[in-house]
Each structure stands twice: as C-alpha cells, then as structure tokens.
$ cat data.cif   # mmCIF, C-alpha atoms
data_final
#
loop_
_atom_site.group_PDB
_atom_site.id
_atom_site.type_symbol
_atom_site.label_atom_id
_atom_site.label_comp_id
_atom_site.auth_asym_id
_atom_site.auth_seq_id
_atom_site.Cartn_x
_atom_site.Cartn_y
_atom_site.Cartn_z
ATOM 1 C CA MET Y 1 100.409 -45.207 130.535
ATOM 2 C CA PRO Y 2 97.299 -43.050 130.886
ATOM 3 C CA GLU Y 3 98.736 -40.866 133.629
ATOM 4 C CA GLN Y 4 101.678 -39.931 131.385
ATOM 5 C CA CYS Y 5 99.229 -38.804 128.721
ATOM 6 C CA PHE Y 6 97.386 -36.596 131.224
ATOM 7 C CA LEU Y 7 100.690 -35.136 132.419
ATOM 8 C CA ARG Y 8 101.632 -34.268 128.815
ATOM 9 C CA TRP Y 9 98.247 -32.625 128.276
ATOM 10 C CA ARG Y 10 98.662 -30.674 131.510
ATOM 11 C CA ARG Y 11 102.053 -29.354 130.378
ATOM 12 C CA LYS Y 12 100.673 -28.502 126.943
ATOM 13 C CA TYR Y 13 97.224 -27.076 127.829
ATOM 14 C CA GLY Y 14 97.514 -25.963 131.459
ATOM 15 C CA ASN Y 15 95.829 -27.040 134.695
ATOM 16 C CA ILE Y 16 92.276 -27.049 133.300
ATOM 17 C CA PHE Y 17 91.574 -28.575 129.892
ATOM 18 C CA THR Y 18 88.839 -30.424 128.025
ATOM 19 C CA ILE Y 19 89.049 -33.870 126.461
ATOM 20 C CA TRP Y 20 86.337 -35.560 124.424
ATOM 21 C CA LEU Y 21 85.088 -39.041 125.292
ATOM 22 C CA GLY Y 22 83.044 -39.824 122.214
ATOM 23 C CA GLU Y 23 80.610 -36.932 121.947
ATOM 24 C CA GLN Y 24 80.941 -36.048 125.647
ATOM 25 C CA PRO Y 25 83.194 -33.102 126.563
ATOM 26 C CA THR Y 26 85.022 -33.824 129.818
ATOM 27 C CA VAL Y 27 86.792 -31.110 131.794
ATOM 28 C CA CYS Y 28 90.009 -32.203 133.518
ATOM 29 C CA VAL Y 29 91.250 -30.275 136.539
ATOM 30 C CA ALA Y 30 94.928 -31.038 137.085
ATOM 31 C CA GLU Y 31 96.029 -28.843 139.975
ATOM 32 C CA TYR Y 32 95.523 -29.764 143.632
ATOM 33 C CA ASN Y 33 94.343 -26.359 144.890
ATOM 34 C CA LYS Y 34 91.943 -25.942 141.961
ATOM 35 C CA ILE Y 35 90.557 -29.470 142.539
ATOM 36 C CA ILE Y 36 89.919 -28.690 146.219
ATOM 37 C CA GLU Y 37 88.375 -25.324 145.378
ATOM 38 C CA THR Y 38 86.155 -26.791 142.653
ATOM 39 C CA PHE Y 39 84.865 -29.861 144.449
ATOM 40 C CA GLN Y 40 84.594 -28.480 147.985
ATOM 41 C CA LYS Y 41 82.910 -25.214 147.110
ATOM 42 C CA ASP Y 42 80.703 -26.496 144.291
ATOM 43 C CA GLY Y 43 80.829 -30.286 144.617
ATOM 44 C CA GLU Y 44 77.119 -30.898 144.066
ATOM 45 C CA THR Y 45 77.409 -29.497 140.545
ATOM 46 C CA TYR Y 46 79.970 -32.163 139.637
ATOM 47 C CA SER Y 47 78.590 -35.115 141.588
ATOM 48 C CA GLY Y 48 76.643 -36.890 138.824
ATOM 49 C CA ARG Y 49 77.912 -39.908 136.916
ATOM 50 C CA PHE Y 50 79.185 -39.690 133.366
ATOM 51 C CA ARG Y 51 76.565 -41.025 130.932
ATOM 52 C CA PHE Y 52 78.162 -42.747 127.941
ATOM 53 C CA GLU Y 53 75.186 -43.164 125.602
ATOM 54 C CA GLU Y 54 76.693 -45.967 123.501
ATOM 55 C CA PHE Y 55 77.268 -48.027 126.644
ATOM 56 C CA ASN Y 56 73.713 -47.264 127.762
ATOM 57 C CA LYS Y 57 72.420 -48.687 124.475
ATOM 58 C CA LEU Y 58 74.515 -51.808 125.013
ATOM 59 C CA ILE Y 59 73.026 -52.456 128.458
ATOM 60 C CA LYS Y 60 69.569 -51.418 127.213
ATOM 61 C CA GLY Y 61 69.232 -48.473 129.577
ATOM 62 C CA ILE Y 62 69.580 -50.532 132.751
ATOM 63 C CA SER Y 63 71.095 -48.246 135.368
ATOM 64 C CA TYR Y 64 71.271 -50.252 138.553
ATOM 65 C CA GLY Y 65 74.092 -51.151 140.913
ATOM 66 C CA LEU Y 66 76.773 -49.018 142.503
ATOM 67 C CA VAL Y 67 78.664 -48.383 139.272
ATOM 68 C CA MET Y 68 75.895 -47.097 137.012
ATOM 69 C CA THR Y 69 73.758 -45.083 139.456
ATOM 70 C CA ASP Y 70 74.054 -41.760 141.231
ATOM 71 C CA GLY Y 71 72.071 -39.564 143.596
ATOM 72 C CA GLU Y 72 69.673 -41.046 146.136
ATOM 73 C CA LEU Y 73 69.542 -44.460 144.441
ATOM 74 C CA TRP Y 74 73.357 -44.705 144.660
ATOM 75 C CA ARG Y 75 73.374 -43.619 148.333
ATOM 76 C CA GLY Y 76 70.787 -46.224 149.278
ATOM 77 C CA GLN Y 77 72.552 -49.013 147.409
ATOM 78 C CA ARG Y 78 75.914 -48.003 148.867
ATOM 79 C CA ARG Y 79 74.549 -48.034 152.428
ATOM 80 C CA PHE Y 80 73.004 -51.457 151.845
ATOM 81 C CA ALA Y 81 76.224 -52.880 150.350
ATOM 82 C CA LEU Y 82 78.392 -51.493 153.163
ATOM 83 C CA GLN Y 83 76.081 -52.982 155.786
ATOM 84 C CA ILE Y 84 76.314 -56.396 154.109
ATOM 85 C CA PHE Y 85 80.113 -56.113 153.882
ATOM 86 C CA ARG Y 86 80.303 -55.167 157.567
ATOM 87 C CA ASP Y 87 78.113 -58.148 158.449
ATOM 88 C CA PHE Y 88 80.630 -60.350 156.646
ATOM 89 C CA GLY Y 89 83.560 -58.814 158.526
ATOM 90 C CA LEU Y 90 84.790 -55.985 156.304
ATOM 91 C CA GLY Y 91 86.862 -53.591 158.381
ATOM 92 C CA LYS Y 92 87.464 -56.038 161.200
ATOM 93 C CA ASN Y 93 90.986 -56.972 162.127
ATOM 94 C CA LEU Y 94 90.658 -60.749 161.885
ATOM 95 C CA MET Y 95 94.331 -61.345 162.664
ATOM 96 C CA GLN Y 96 93.994 -59.439 165.943
ATOM 97 C CA ASP Y 97 91.064 -61.661 166.943
ATOM 98 C CA LYS Y 98 93.103 -64.791 166.178
ATOM 99 C CA VAL Y 99 96.049 -63.553 168.260
ATOM 100 C CA ILE Y 100 93.769 -62.706 171.189
ATOM 101 C CA ILE Y 101 92.214 -66.183 171.004
ATOM 102 C CA LYS Y 102 95.702 -67.771 171.140
ATOM 103 C CA ILE Y 103 96.673 -65.688 174.182
#

$ encode --input "data.cif" --output "structure tokens"
Amino acid sequence: MPEQCFLRWRRKYGNIFTIWLGEQPTVCVAEYNKIIETFQKDGETYSGRFRFEEFNKLIKGISYGLVMTDGELWRGQRRFALQIFRDFGLGKNLMQDKVIIKI
C-alpha cells in the first residue's frame, strides 16, 4: 500500500524528504505542524500543478479541465463546474425534501 511506503520513508529519512517521479524531484512533507506552517504561510509557492512531461506528450500538450489546469483557468473552470453541480442538486438534502413532502 502506498501509504505504508511513505510511512517507511518518513521513519528512514525524517519528516521532510525528496522522492523522484521520473525526472521531477518531489518534496514530501510528512509532519502535521510542518505541513500547516508550509502551506499556510507560503501556500502560493506550492499551489501549481505537477507537470509530468511524458504525460503531456501523450495528450499532445492539451491542458484543459479541472485535473490538468491551475491558476486562474482552474479557478474559472471550478466555479463553472460547481455552479452546474449545484443546479443539478449537489449539496441538497434530497431525502429531507422527500420526507417533508410526505408529511
């Protein structure tokens, strides 16, 4: 299981360590207080999406949709998607409405 692997690495290398995903170094922060400190105080630095170049070649550089975008494009697409989901009833308690109708 992946989480067991990360726990082993944490015990072996400490609360902050680097793993390599292909040619991309990835820093792992594995302690709650350090995670909060890192992402609350300097979150903008770490807010971009990981760019896996081999995958980008596979999809021919297309970077659309909620999964492959970041920044302003991601925010706009997320807002649009959430509005559509809300229009279709996401977040509504449908069972409560059915019970009220029966009463």

$ residues_around --input "data.cif" --residues "Glu31 of chain Y" --least-positions-apart "6" --cutoff "12 Å" --atoms "all atoms listed in the file" --output "PyMOL selection string"
chain Y and resi 6-7+10-11+14-17+37-38

$ atom_distance --input "data.cif" --atom1 "atom CA of Phe39 of chain Y" --atom2 "atom CA of Leu82 of chain Y"
24.2 Å

$ residues_around --input "data.cif" --residues "Ile19 of chain Y" --least-positions-apart "4" --cutoff "12 Å" --atoms "all atoms listed in the file" --output "number ranges by chain"
Y: 5-6, 9-10, 13, 23-29

$ atom_distance --input "data.cif" --atom1 "atom CA of Phe88 of chain Y" --atom2 "atom CA of Gly76 of chain Y"
18.7 Å
